[in-house]
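Engineer: My structure file work_8.txt, compact mmCIF, C-alpha atoms (C1' of nucleotides), is below:
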```
# COMPACT_ATOMS: atom_id res chain seq x y z
CA MET R 1 0.00 0.00 0.00
CA ASN R 2 1.37 3.41 -0.96
CA ILE R 3 1.43 6.35 1.38
CA GLY R 4 -1.68 7.92 -0.16
CA GLN R 5 -3.74 4.83 0.49
CA ALA R 6 -2.32 4.47 4.00
CA SER R 7 -3.23 8.08 4.60
CA LYS R 8 -6.79 7.57 3.43
CA SER R 9 -7.36 4.47 5.48
CA SER R 10 -5.79 5.85 8.62
CA GLY R 11 -6.91 9.44 8.49
CA VAL R 12 -3.34 10.65 8.95
CA SER R 13 -2.08 13.03 6.24
CA THR R 14 0.85 11.94 4.10
CA LYS R 15 2.79 14.88 5.46
CA MET R 16 2.27 13.68 8.98
CA ILE R 17 3.08 10.07 8.18
CA ARG R 18 6.45 11.19 6.87
CA TYR R 19 6.88 13.44 9.87
CA TYR R 20 6.09 10.66 12.34
CA GLU R 21 8.64 8.53 10.59
CA SER R 22 11.24 11.27 10.70
CA VAL R 23 10.87 11.80 14.43
CA GLY R 24 10.90 8.08 15.13
CA LEU R 25 7.32 7.72 16.27
CA ILE R 26 6.88 4.98 13.69
CA SER R 27 9.68 2.86 12.29
CA PRO R 28 10.83 3.64 8.75
CA ALA R 29 8.40 2.19 6.25
CA ASP R 30 9.51 -0.46 3.81
CA ARG R 31 10.44 0.84 0.39
CA THR R 32 9.65 -0.43 -3.08
CA ASP R 33 12.31 -0.58 -5.78
CA SER R 34 11.33 2.89 -6.85
CA ASN R 35 11.80 4.16 -3.31
CA TYR R 36 8.09 4.49 -2.59
CA ARG R 37 7.06 3.80 0.99
CA SER R 38 5.07 0.60 1.38
CA PHE R 39 2.62 0.13 4.22
CA SER R 40 1.09 -3.03 5.62
CA GLU R 41 -2.28 -3.33 7.30
CA ARG R 42 -0.35 -3.50 10.54
CA ASP R 43 1.31 -0.16 9.84
CA VAL R 44 -2.06 1.35 9.10
CA ASN R 45 -3.41 0.11 12.41
CA GLU R 46 -0.53 1.83 14.10
CA LEU R 47 -1.36 5.03 12.26
CA ARG R 48 -4.95 4.74 13.37
CA PHE R 49 -3.78 4.31 16.94
CA ILE R 50 -1.73 7.46 16.56
CA LYS R 51 -4.59 9.34 15.00
CA ARG R 52 -6.93 8.48 17.80
CA SER R 53 -4.32 9.36 20.40
CA ARG R 54 -3.80 12.73 18.79
CA ASN R 55 -7.56 13.26 18.82
CA LEU R 56 -7.43 12.77 22.57
CA GLY R 57 -4.74 15.40 22.80
CA PHE R 58 -1.72 13.22 23.53
CA SER R 59 1.61 14.65 22.40
CA VAL R 60 3.86 12.76 20.06
CA GLU R 61 6.13 12.05 23.00
CA GLU R 62 3.30 10.56 25.01
CA ILE R 63 2.21 8.52 22.03
CA THR R 64 5.71 7.11 21.71
CA HIS R 65 5.25 5.76 25.21
CA LEU R 66 1.69 4.58 24.58
CA LEU R 67 2.73 2.78 21.42
CA SER R 68 5.53 0.97 23.18
CA LEU R 69 3.11 -0.17 25.86
CA TRP R 70 0.61 -1.18 23.19
CA ARG R 71 3.20 -3.39 21.57
CA ASP R 72 4.33 -4.86 24.88
CA ARG R 73 1.98 -7.69 25.70
CA SER R 74 3.23 -7.90 29.25
CA ARG R 75 2.73 -4.22 30.01
CA PRO R 76 1.26 -3.33 33.38
CA SER R 77 -1.95 -1.40 32.79
CA ARG R 78 -0.79 0.82 35.63
CA GLU R 79 1.59 2.55 33.28
CA VAL R 80 -1.04 3.25 30.69
CA LYS R 81 -3.37 4.58 33.32
CA ALA R 82 -0.65 6.83 34.70
CA ILE R 83 -0.06 8.41 31.31
CA ALA R 84 -3.76 8.94 30.81
CA LYS R 85 -4.23 10.44 34.23
CA LYS R 86 -1.34 12.81 33.85
CA HIS R 87 -2.75 13.94 30.55
CA VAL R 88 -6.17 14.48 32.08
CA GLU R 89 -4.59 16.63 34.75
CA ASP R 90 -2.81 18.63 32.11
CA LEU R 91 -6.04 19.09 30.18
CA ASP R 92 -7.91 20.09 33.32
CA GLY R 93 -5.27 22.66 34.12
CA ARG R 94 -5.46 24.21 30.71
CA ILE R 95 -9.24 24.11 30.75
CA ALA R 96 -9.31 25.93 34.08
CA GLU R 97 -6.98 28.59 32.74
CA MET R 98 -9.08 29.17 29.67
CA GLN R 99 -12.26 29.04 31.66
CA ALA R 100 -10.94 31.81 33.88
CA MET R 101 -10.11 33.90 30.82
CA ALA R 102 -13.52 33.29 29.30
CA ASP R 103 -15.32 34.09 32.54
CA THR R 104 -13.44 37.33 32.99
CA LEU R 105 -14.13 38.37 29.43
CA ARG R 106 -17.75 37.40 29.58
CA HIS R 107 -18.15 39.54 32.64
CA LEU R 108 -16.42 42.50 31.04
CA ALA R 109 -18.35 42.14 27.81
CA HIS R 110 -21.56 41.93 29.78
CA CYS R 111 -20.73 45.26 31.38
CA CYS R 112 -19.92 46.85 28.02
CA ALA R 113 -22.71 48.71 26.30
CA GLY R 114 -21.47 47.72 22.86
CA ASP R 115 -22.83 50.77 21.10
CA ASP R 116 -21.43 53.87 19.40
CA ARG R 117 -20.04 55.39 22.57
CA PRO R 118 -16.36 55.01 23.36
CA ASP R 119 -16.64 54.14 27.04
CA CYS R 120 -15.70 50.54 27.47
CA PRO R 121 -15.08 48.53 30.63
CA ILE R 122 -13.12 45.99 28.59
CA LEU R 123 -10.52 48.53 27.54
CA ALA R 124 -10.65 50.04 31.00
CA ASP R 125 -9.77 46.68 32.49
CA LEU R 126 -7.00 46.04 30.00
CA SER R 127 -5.38 49.38 30.76
CA HIS R 128 -5.78 48.85 34.47
CA ASN R 129 -2.11 49.00 35.07
CA ALA R 130 -1.84 48.57 38.82
CA GLU R 131 -1.61 45.02 40.06
CA PRO R 132 -3.80 44.19 43.06
CA ALA R 133 -1.99 45.17 46.24
CA GLU R 134 -2.06 41.76 47.83
CA PRO R 135 -1.15 39.00 45.45
CA ARG R 136 -2.64 35.64 46.29
CA ALA R 137 -0.55 32.53 46.77
CA LYS R 138 1.80 32.00 43.88
CA PRO R 139 -0.14 30.45 41.01
CA THR R 140 1.12 27.13 39.68
CA ARG R 141 1.21 28.26 36.09
CA ARG R 142 0.61 31.59 34.50
CA ALA R 143 -2.24 33.13 36.39
CA ALA R 144 -4.90 33.28 33.77
CA ALA R 145 -7.16 36.03 34.88
CA ARG R 146 -7.53 38.46 37.69
CA ALA R 147 -10.41 37.92 40.07
CA TRP R 148 -12.91 40.67 39.67
CA MET U 1 14.11 54.01 30.54
CA ASN U 2 16.10 51.11 29.10
CA ILE U 3 14.51 47.90 27.93
CA GLY U 4 15.37 46.04 31.12
CA GLN U 5 13.55 48.56 33.26
CA ALA U 6 10.61 48.65 30.87
CA SER U 7 10.49 44.90 31.07
CA LYS U 8 10.47 44.90 34.85
CA SER U 9 7.76 47.50 35.16
CA SER U 10 5.54 45.98 32.50
CA GLY U 11 6.06 42.30 33.13
CA VAL U 12 6.88 41.73 29.46
CA SER U 13 10.25 40.05 28.83
CA THR U 14 12.89 41.95 26.88
CA LYS U 15 12.74 39.25 24.25
CA MET U 16 9.05 39.81 23.78
CA ILE U 17 9.33 43.58 23.75
CA ARG U 18 11.75 43.31 20.84
CA TYR U 19 9.50 40.76 19.20
CA TYR U 20 6.41 42.96 19.53
CA GLU U 21 8.38 45.75 17.95
CA SER U 22 9.56 43.54 15.11
CA VAL U 23 6.05 42.41 14.22
CA GLY U 24 4.68 45.94 14.45
CA LEU U 25 2.50 45.49 17.51
CA ILE U 26 4.27 48.44 19.09
CA SER U 27 5.98 51.22 17.19
CA PRO U 28 9.77 51.18 17.11
CA ALA U 29 11.12 52.51 20.39
CA ASP U 30 13.20 55.67 20.44
CA ARG U 31 16.92 55.12 20.48
CA THR U 32 19.69 56.72 22.48
CA ASP U 33 22.95 57.78 20.84
CA SER U 34 24.36 54.40 21.64
CA ASN U 35 21.45 52.69 19.94
CA TYR U 36 19.77 51.56 23.15
CA ARG U 37 15.98 51.49 23.08
CA SER U 38 14.41 54.17 25.24
CA PHE U 39 10.94 53.75 26.72
CA SER U 40 8.58 56.33 28.14
CA GLU U 41 5.98 55.73 30.82
CA ARG U 42 3.46 55.79 27.99
CA ASP U 43 5.25 52.96 26.22
CA VAL U 44 5.27 50.98 29.43
CA ASN U 45 1.54 51.46 29.81
CA GLU U 46 1.12 50.06 26.34
CA LEU U 47 3.23 47.07 27.28
CA ARG U 48 1.09 46.51 30.34
CA PHE U 49 -2.00 46.64 28.17
CA ILE U 50 -0.44 44.02 25.95
CA LYS U 51 0.57 41.88 28.89
CA ARG U 52 -2.91 41.87 30.31
CA SER U 53 -4.42 41.13 26.92
CA ARG U 54 -2.08 38.18 26.49
CA ASN U 55 -3.10 36.96 29.93
CA LEU U 56 -6.67 36.92 28.68
CA GLY U 57 -5.57 34.85 25.72
CA PHE U 58 -5.83 37.42 22.96
CA SER U 59 -3.52 36.83 20.01
CA VAL U 60 -1.05 39.43 18.90
CA GLU U 61 -3.29 40.11 15.93
CA GLU U 62 -6.30 40.74 18.13
CA ILE U 63 -4.21 42.94 20.39
CA THR U 64 -3.19 45.02 17.38
CA HIS U 65 -6.85 45.75 16.88
CA LEU U 66 -7.53 46.31 20.58
CA LEU U 67 -4.61 48.71 20.84
CA SER U 68 -5.80 50.75 17.91
CA LEU U 69 -9.23 51.00 19.50
CA TRP U 70 -7.67 51.88 22.80
CA ARG U 71 -5.83 54.76 21.20
CA ASP U 72 -8.88 55.93 19.28
CA ARG U 73 -10.88 58.11 21.60
CA SER U 74 -13.89 58.03 19.34
CA ARG U 75 -14.03 54.24 19.07
CA PRO U 76 -17.45 52.63 19.26
CA SER U 77 -17.44 50.24 22.20
CA ARG U 78 -19.32 47.89 19.92
CA GLU U 79 -16.10 47.01 18.18
CA VAL U 80 -14.29 46.20 21.37
CA LYS U 81 -17.16 44.08 22.55
CA ALA U 82 -17.24 42.23 19.25
CA ILE U 83 -13.58 41.28 19.56
CA ALA U 84 -14.09 40.15 23.12
CA LYS U 85 -17.13 38.10 22.26
CA LYS U 86 -15.48 36.43 19.35
CA HIS U 87 -12.57 35.51 21.56
CA VAL U 88 -14.88 34.13 24.21
CA GLU U 89 -16.50 31.96 21.58
CA ASP U 90 -13.14 30.75 20.47
CA LEU U 91 -12.16 29.94 24.04
CA ASP U 92 -15.44 28.17 24.65
CA GLY U 93 -14.94 26.07 21.57
CA ARG U 94 -11.49 25.02 22.60
CA ILE U 95 -12.63 24.38 26.15
CA ALA U 96 -15.42 22.13 24.89
CA GLU U 97 -12.96 20.19 22.76
CA MET U 98 -10.57 19.65 25.61
CA GLN U 99 -13.39 18.87 27.97
CA ALA U 100 -14.54 16.14 25.64
CA MET U 101 -11.04 14.70 25.54
CA ALA U 102 -10.71 14.83 29.31
CA ASP U 103 -14.11 13.25 29.85
CA THR U 104 -13.38 10.41 27.47
CA LEU U 105 -10.04 9.76 29.10
CA ARG U 106 -11.42 9.99 32.58
CA HIS U 107 -13.99 7.40 31.68
CA LEU U 108 -11.43 5.08 30.13
CA ALA U 109 -9.02 5.51 33.02
CA HIS U 110 -11.84 4.82 35.43
CA CYS U 111 -12.45 1.51 33.67
CA CYS U 112 -8.77 0.59 33.76
CA ALA U 113 -7.61 -1.53 36.65
CA GLY U 114 -4.23 0.14 36.71
CA ASP U 115 -2.39 -2.83 38.12
CA ASP U 116 0.22 -5.33 36.89
CA ARG U 117 -2.06 -6.96 34.37
CA PRO U 118 -1.81 -6.00 30.72
CA ASP U 119 -5.52 -5.71 29.94
CA CYS U 120 -6.32 -2.09 29.44
CA PRO U 121 -9.48 -0.43 28.14
CA ILE U 122 -7.50 2.69 27.32
CA LEU U 123 -5.28 0.88 24.84
CA ALA U 124 -8.27 -1.09 23.65
CA ASP U 125 -10.05 2.13 22.84
CA LEU U 126 -7.05 3.65 21.14
CA SER U 127 -6.66 0.63 18.90
CA HIS U 128 -10.35 0.52 18.20
CA ASN U 129 -9.87 1.04 14.53
CA ALA U 130 -13.39 0.96 13.22
CA GLU U 131 -15.21 4.28 13.19
CA PRO U 132 -18.76 4.19 14.55
CA ALA U 133 -21.14 3.13 11.81
CA GLU U 134 -23.31 6.20 11.94
CA PRO U 135 -21.35 9.38 12.26
CA ARG U 136 -23.18 12.27 13.82
CA ALA U 137 -23.65 15.61 12.11
CA LYS U 138 -20.38 16.96 10.80
CA PRO U 139 -18.48 18.57 13.67
CA THR U 140 -17.55 22.23 13.26
CA ARG U 141 -13.88 21.74 14.03
CA ARG U 142 -11.84 18.66 14.62
CA ALA U 143 -14.08 16.30 16.50
CA ALA U 144 -12.33 15.97 19.79
CA ALA U 145 -13.50 12.70 21.14
CA ARG U 146 -15.79 9.88 20.24
CA ALA U 147 -18.94 9.50 22.28
CA TRP U 148 -18.74 6.40 24.37
C1' DC H 1 4.42 8.05 -25.80
C1' DT H 2 1.93 11.26 -23.37
C1' DT H 3 -0.79 12.70 -19.51
C1' DG H 4 -2.13 12.94 -15.01
C1' DA H 5 -1.92 11.03 -10.62
C1' DC H 6 1.09 9.52 -7.68
C1' DC H 7 5.53 9.60 -5.00
C1' DC H 8 10.19 11.44 -3.38
C1' DT H 9 13.18 15.00 -0.68
C1' DC H 10 14.07 19.52 0.88
C1' DC H 11 12.95 24.06 2.42
C1' DC H 12 9.81 27.39 4.49
C1' DA H 13 6.01 29.20 7.48
C1' DT H 14 3.06 29.20 11.37
C1' DG H 15 2.77 31.71 16.94
C1' DA H 16 4.71 33.11 20.96
C1' DT H 17 8.43 32.24 23.46
C1' DG H 18 13.12 31.41 25.15
C1' DG H 19 18.31 30.33 24.67
C1' DG H 20 22.57 31.76 23.43
C1' DA H 21 26.60 33.76 20.78
C1' DA H 22 29.36 37.71 19.45
C1' DG H 23 30.08 42.13 20.25
C1' DG H 24 29.14 47.25 21.88
C1' DT H 25 28.01 50.56 26.09
C1' DC H 26 27.84 52.36 30.57
C1' DC H 27 28.86 53.09 35.32
C1' DA H 28 30.97 52.53 39.72
C1' DC H 29 34.95 51.53 42.10
C1' DA H 30 39.95 50.86 42.69
C1' DT L 1 42.54 55.89 34.07
C1' DG L 2 41.47 51.16 33.81
C1' DT L 3 38.59 47.44 34.47
C1' DG L 4 34.81 44.33 35.60
C1' DG L 5 30.25 43.38 35.46
C1' DA L 6 25.75 44.54 34.22
C1' DC L 7 23.56 46.09 30.71
C1' DC L 8 22.39 46.59 25.65
C1' DT L 9 22.49 45.30 20.43
C1' DT L 10 21.56 42.00 16.38
C1' DC L 11 21.30 37.46 14.56
C1' DC L 12 20.41 32.63 14.54
C1' DC L 13 18.25 28.51 16.45
C1' DA L 14 14.65 25.60 18.81
C1' DT L 15 10.11 24.58 20.20
C1' DC L 16 5.35 21.62 18.44
C1' DA L 17 2.42 19.71 14.95
C1' DT L 18 1.02 20.93 10.76
C1' DG L 19 0.67 22.38 5.95
C1' DG L 20 2.43 24.57 1.43
C1' DG L 21 5.12 24.28 -2.38
C1' DA L 22 9.17 23.58 -5.57
C1' DG L 23 11.72 20.47 -8.35
C1' DG L 24 11.98 16.12 -9.91
C1' DG L 25 11.11 10.83 -10.35
C1' DT L 26 7.48 6.77 -11.18
C1' DC L 27 3.61 4.50 -12.85
C1' DA L 28 -0.42 3.11 -15.32
C1' DA L 29 -4.09 3.98 -18.57
C1' DG L 30 -5.23 5.72 -22.89
```
Show me, as structure tokens, the structure contained in the file I just sent.
Structural biologist:
Amino acid sequence: MNIGQASKSSGVSTKMIRYYESVGLISPADRTDSNYRSFSERDVNELRFIKRSRNLGFSVEEITHLLSLWRDRSRPSREVKAIAKKHVEDLDGRIAEMQAMADTLRHLAHCCAGDDRPDCPILADLSHNAEPAEPRAKPTRRAAARAW
Amino acid sequence: MNIGQASKSSGVSTKMIRYYESVGLISPADRTDSNYRSFSERDVNELRFIKRSRNLGFSVEEITHLLSLWRDRSRPSREVKAIAKKHVEDLDGRIAEMQAMADTLRHLAHCCAGDDRPDCPILADLSHNAEPAEPRAKPTRRAAARAW
DNA sequence: CTTGACCCTCCCATGATGGGAAGGTCCACA
DNA sequence: TGTGGACCTTCCCATCATGGGAGGGTCAAG
């Protein structure tokens, strides 16, 4: 199977298949005499695994680990679960950050008339150059939004 | 005020100040005889505006627009509100995507024993290569996670 | 034998950010 | 006056996953 067909049946673009090969996520594909990559059904399954993992937000590095566990029939499921849990924590952290941004903005937008007049609490907030006098406990990551 | 001082009082790194200048987000800073950038209190206020906007997740492109509105005393607040609302929608979309990923993974992890045994519903799901027979209505962006 | 659909590699761009090298400037202190 | 260290400058590189495109080879059907 050529790369185009492998791409179609796995949902991974040809560009990305080549990229995954180049970074060692998948092993170099077999080549035909004319130097075309040749994929087996097994390779395509691997690509599908990768595709699905990407859809769940795993990084290529995490997928490297997941793939090695997938191939290892004597893996302890503990390891898989650990990767998944860590990723969920990461997602939750980022969600909370973005949620804080969205909430702040929703509040500001709600307070903004949104008409022809120039007065705007959104701009007022953005130009609010003094930090609150008493910073709260040091935030783990970038503090997403100021409490209002 | 040199760039280091401007950086400290605005919270924007020197690297980023130079970058913002290079992409035209801020106008080129004045220079001293020795070619050092020189910042006024006004410039620093602008940097603080940028910093805060970045903290709310606005892109440099959006901030370009916000800054021009900020400087325009006859702006209609409608425009500011529109930018904010669009950004909130964008955030909400990304949050929903990530939430779907996290929920799926939480579910799978919950079903995974997480012990020494190799059986693992997480890997099983990832290698689940058949797409559901009846796809739902076409998702607006990348569909984040399959319904389980 | 031509045409069009493939495939190959290599380079570039994205967005916001940091690292670091090589070299110039400034100030305070000996 | 010299010097060391803290600053500043520009330029290049890396990140992460992804796509675009150029320039050129391969293949199969007509």
Engineer: Separation of CA of Thr64 (chain R) and CA of Glu41 (chain R), in Å?
Structural biologist: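 Taking CA of Thr64 (chain R) and CA of Glu41 (chain R), their separation equals 19.5 Å.
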Engineer: Could you superimpose chain R onto chain U using all C-alpha atoms, paired one by one in order, and tell me the resulting RMSD in Å?
Structural biologist: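 Across all paired C-alpha atoms, the RMSD is 0.1 Å.
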Engineer: Could you jot down the C1' of DT17 (chain H) to C1' of DA14 (chain L) separation for me, Å, one decimal place?
Structural biologist: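 Spanning C1' of DT17 (chain H) to C1' of DA14 (chain L) is a straight-line distance of 10.2 Å.
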Engineer: Report as a Markdown table the residues of region 51-133 of chain R within 9 Å of region 5-29 of chain R, each with its shortest atom pair and distance in Å (one decimal), using only C-alpha atoms, ordered by chain and increasing residue number.
Structural biologist:
```
| residue | atom | partner | partner_atom | distance |
| --- | --- | --- | --- | --- |
| R:Lys51 | CA | R:Val12 | CA | 6.3 |
| R:Val60 | CA | R:Leu25 | CA | 7.2 |
| R:Glu61 | CA | R:Leu25 | CA | 8.1 |
| R:Ile63 | CA | R:Leu25 | CA | 7.7 |
| R:Thr64 | CA | R:Leu25 | CA | 5.7 |
| R:Leu67 | CA | R:Leu25 | CA | 8.5 |
```
Engineer: Once you count all atoms listed in the file, which residues of chain U turn out to be within 12 Å of chain L? Could you give them as an NGL selection string?
Structural biologist: :U and (2-5 or 14 or 18 or 31-32 or 34-38)
Engineer: Which residues of chain H come within 10 Å of chain U, and for each one, what is the closest pair of atoms and their distance in Å to one decimal, counting only C-alpha atoms (C1' of nucleotides), sorted by chain and residue number, as a Markdown table?
Structural biologist:
```
| residue | atom | partner | partner_atom | distance |
| --- | --- | --- | --- | --- |
| H:DG15 | C1' | U:Ser59 | CA | 8.7 |
| H:DA16 | C1' | U:Met16 | CA | 8.5 |
| H:DT17 | C1' | U:Met16 | CA | 7.6 |
| H:DG18 | C1' | U:Lys15 | CA | 7.9 |
| H:DG24 | C1' | U:Ser34 | CA | 8.6 |
| H:DT25 | C1' | U:Ser34 | CA | 6.9 |
| H:DC26 | C1' | U:Ser34 | CA | 9.8 |
```
Engineer: Since we have the selection now, will you write its residues out, keeping C-alpha atoms (C1' of nucleotides), as a CSV table (one decimal), in the frame of the given file?
Structural biologist:
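Listing of selection25.csv after writing:
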```
chain,number,residue,atom,x,y,z
H,15,DG,C1',2.8,31.7,16.9
H,16,DA,C1',4.7,33.1,21.0
H,17,DT,C1',8.4,32.2,23.5
H,18,DG,C1',13.1,31.4,25.2
H,24,DG,C1',29.1,47.2,21.9
H,25,DT,C1',28.0,50.6,26.1
H,26,DC,C1',27.8,52.4,30.6
```
Engineer: Quick one: 5 Å padding each side, axis-aligned, all listed atoms of region 11-26 of chain L - centre and edge lengths in Å to one decimal, as AutoDock Vina command-line options?
Structural biologist:
```
--center_x 11.0 --center_y 22.1 --center_z 4.5 --size_x 30.6 --size_y 40.7 --size_z 41.4
```
Engineer: Figure out the distance between CA of Ile50 (chain U) and CA of Gln99 (chain U), please, to one decimal in Å.
Structural biologist: 28.4 Å
Engineer: Write down, as a PyMOL selection string, each residue of chain U that has any atom within 7 Å of an atom of chain R, counting only C-alpha atoms.
Structural biologist: chain U and resi 45+48-49+52-53+55-57+70+73-78+81+84-85+88+91+95+98+101-102+105-106+109+112-120+123+126-127+129+144-145
Engineer: Restore N, CA and C atoms in region 13-37 of chain R and list the result as a PDB file, in the coordinates of the input.
Structural biologist:
```
ATOM      1  N   SER R  13      -2.540  12.463   7.511  1.00  0.00           N
ATOM      2  CA  SER R  13      -2.080  13.030   6.240  1.00  0.00           C
ATOM      3  C   SER R  13      -0.720  12.462   5.849  1.00  0.00           C
ATOM      4  N   THR R  14      -0.450  12.469   4.555  1.00  0.00           N
ATOM      5  CA  THR R  14       0.850  11.940   4.100  1.00  0.00           C
ATOM      6  C   THR R  14       1.990  12.748   4.724  1.00  0.00           C
ATOM      7  N   LYS R  15       1.783  14.039   4.820  1.00  0.00           N
ATOM      8  CA  LYS R  15       2.790  14.880   5.460  1.00  0.00           C
ATOM      9  C   LYS R  15       3.111  14.372   6.856  1.00  0.00           C
ATOM     10  N   MET R  16       2.062  14.087   7.599  1.00  0.00           N
ATOM     11  CA  MET R  16       2.270  13.680   8.980  1.00  0.00           C
ATOM     12  C   MET R  16       2.851  12.283   9.083  1.00  0.00           C
ATOM     13  N   ILE R  17       2.478  11.404   8.163  1.00  0.00           N
ATOM     14  CA  ILE R  17       3.080  10.070   8.180  1.00  0.00           C
ATOM     15  C   ILE R  17       4.590  10.189   8.028  1.00  0.00           C
ATOM     16  N   ARG R  18       5.004  11.013   7.066  1.00  0.00           N
ATOM     17  CA  ARG R  18       6.450  11.190   6.870  1.00  0.00           C
ATOM     18  C   ARG R  18       7.091  11.828   8.096  1.00  0.00           C
ATOM     19  N   TYR R  19       6.364  12.774   8.674  1.00  0.00           N
ATOM     20  CA  TYR R  19       6.880  13.440   9.870  1.00  0.00           C
ATOM     21  C   TYR R  19       7.040  12.452  11.021  1.00  0.00           C
ATOM     22  N   TYR R  20       6.025  11.639  11.261  1.00  0.00           N
ATOM     23  CA  TYR R  20       6.090  10.660  12.340  1.00  0.00           C
ATOM     24  C   TYR R  20       7.264   9.710  12.126  1.00  0.00           C
ATOM     25  N   GLU R  21       7.502   9.393  10.875  1.00  0.00           N
ATOM     26  CA  GLU R  21       8.640   8.530  10.590  1.00  0.00           C
ATOM     27  C   GLU R  21       9.940   9.261  10.916  1.00  0.00           C
ATOM     28  N   SER R  22       9.990  10.521  10.513  1.00  0.00           N
ATOM     29  CA  SER R  22      11.240  11.270  10.700  1.00  0.00           C
ATOM     30  C   SER R  22      11.593  11.488  12.164  1.00  0.00           C
ATOM     31  N   VAL R  23      10.572  11.599  13.010  1.00  0.00           N
ATOM     32  CA  VAL R  23      10.870  11.800  14.430  1.00  0.00           C
ATOM     33  C   VAL R  23      10.898  10.484  15.203  1.00  0.00           C
ATOM     34  N   GLY R  24      10.754   9.381  14.477  1.00  0.00           N
ATOM     35  CA  GLY R  24      10.900   8.080  15.130  1.00  0.00           C
ATOM     36  C   GLY R  24       9.679   7.591  15.870  1.00  0.00           C
ATOM     37  N   LEU R  25       8.532   8.214  15.611  1.00  0.00           N
ATOM     38  CA  LEU R  25       7.320   7.720  16.270  1.00  0.00           C
ATOM     39  C   LEU R  25       6.934   6.376  15.652  1.00  0.00           C
ATOM     40  N   ILE R  26       7.073   6.262  14.363  1.00  0.00           N
ATOM     41  CA  ILE R  26       6.880   4.980  13.690  1.00  0.00           C
ATOM     42  C   ILE R  26       8.221   4.579  13.069  1.00  0.00           C
ATOM     43  N   SER R  27       8.406   3.282  12.877  1.00  0.00           N
ATOM     44  CA  SER R  27       9.680   2.860  12.290  1.00  0.00           C
ATOM     45  C   SER R  27       9.630   3.114  10.785  1.00  0.00           C
ATOM     46  N   PRO R  28      10.790   3.316  10.174  1.00  0.00           N
ATOM     47  CA  PRO R  28      10.830   3.640   8.750  1.00  0.00           C
ATOM     48  C   PRO R  28      10.061   2.613   7.932  1.00  0.00           C
ATOM     49  N   ALA R  29       9.209   3.097   7.059  1.00  0.00           N
ATOM     50  CA  ALA R  29       8.400   2.190   6.250  1.00  0.00           C
ATOM     51  C   ALA R  29       9.287   1.439   5.260  1.00  0.00           C
ATOM     52  N   ASP R  30       8.833   0.278   4.884  1.00  0.00           N
ATOM     53  CA  ASP R  30       9.510  -0.460   3.810  1.00  0.00           C
ATOM     54  C   ASP R  30       9.475   0.391   2.542  1.00  0.00           C
ATOM     55  N   ARG R  31      10.415   0.091   1.649  1.00  0.00           N
ATOM     56  CA  ARG R  31      10.440   0.840   0.390  1.00  0.00           C
ATOM     57  C   ARG R  31      10.330  -0.120  -0.795  1.00  0.00           C
ATOM     58  N   THR R  32       9.689   0.344  -1.840  1.00  0.00           N
ATOM     59  CA  THR R  32       9.650  -0.430  -3.080  1.00  0.00           C
ATOM     60  C   THR R  32      10.949  -0.156  -3.835  1.00  0.00           C
ATOM     61  N   ASP R  33      11.098  -0.797  -4.981  1.00  0.00           N
ATOM     62  CA  ASP R  33      12.310  -0.580  -5.780  1.00  0.00           C
ATOM     63  C   ASP R  33      12.435   0.882  -6.198  1.00  0.00           C
ATOM     64  N   SER R  34      11.295   1.496  -6.406  1.00  0.00           N
ATOM     65  CA  SER R  34      11.330   2.890  -6.850  1.00  0.00           C
ATOM     66  C   SER R  34      11.323   3.862  -5.665  1.00  0.00           C
ATOM     67  N   ASN R  35      11.657   3.330  -4.513  1.00  0.00           N
ATOM     68  CA  ASN R  35      11.800   4.160  -3.310  1.00  0.00           C
ATOM     69  C   ASN R  35      10.470   4.669  -2.744  1.00  0.00           C
ATOM     70  N   TYR R  36       9.381   4.105  -3.164  1.00  0.00           N
ATOM     71  CA  TYR R  36       8.090   4.490  -2.590  1.00  0.00           C
ATOM     72  C   TYR R  36       7.949   3.776  -1.256  1.00  0.00           C
ATOM     73  N   ARG R  37       7.341   4.467  -0.279  1.00  0.00           N
ATOM     74  CA  ARG R  37       7.060   3.800   0.990  1.00  0.00           C
ATOM     75  C   ARG R  37       5.960   2.766   0.775  1.00  0.00           C
TER      76      ARG R  37
END
```
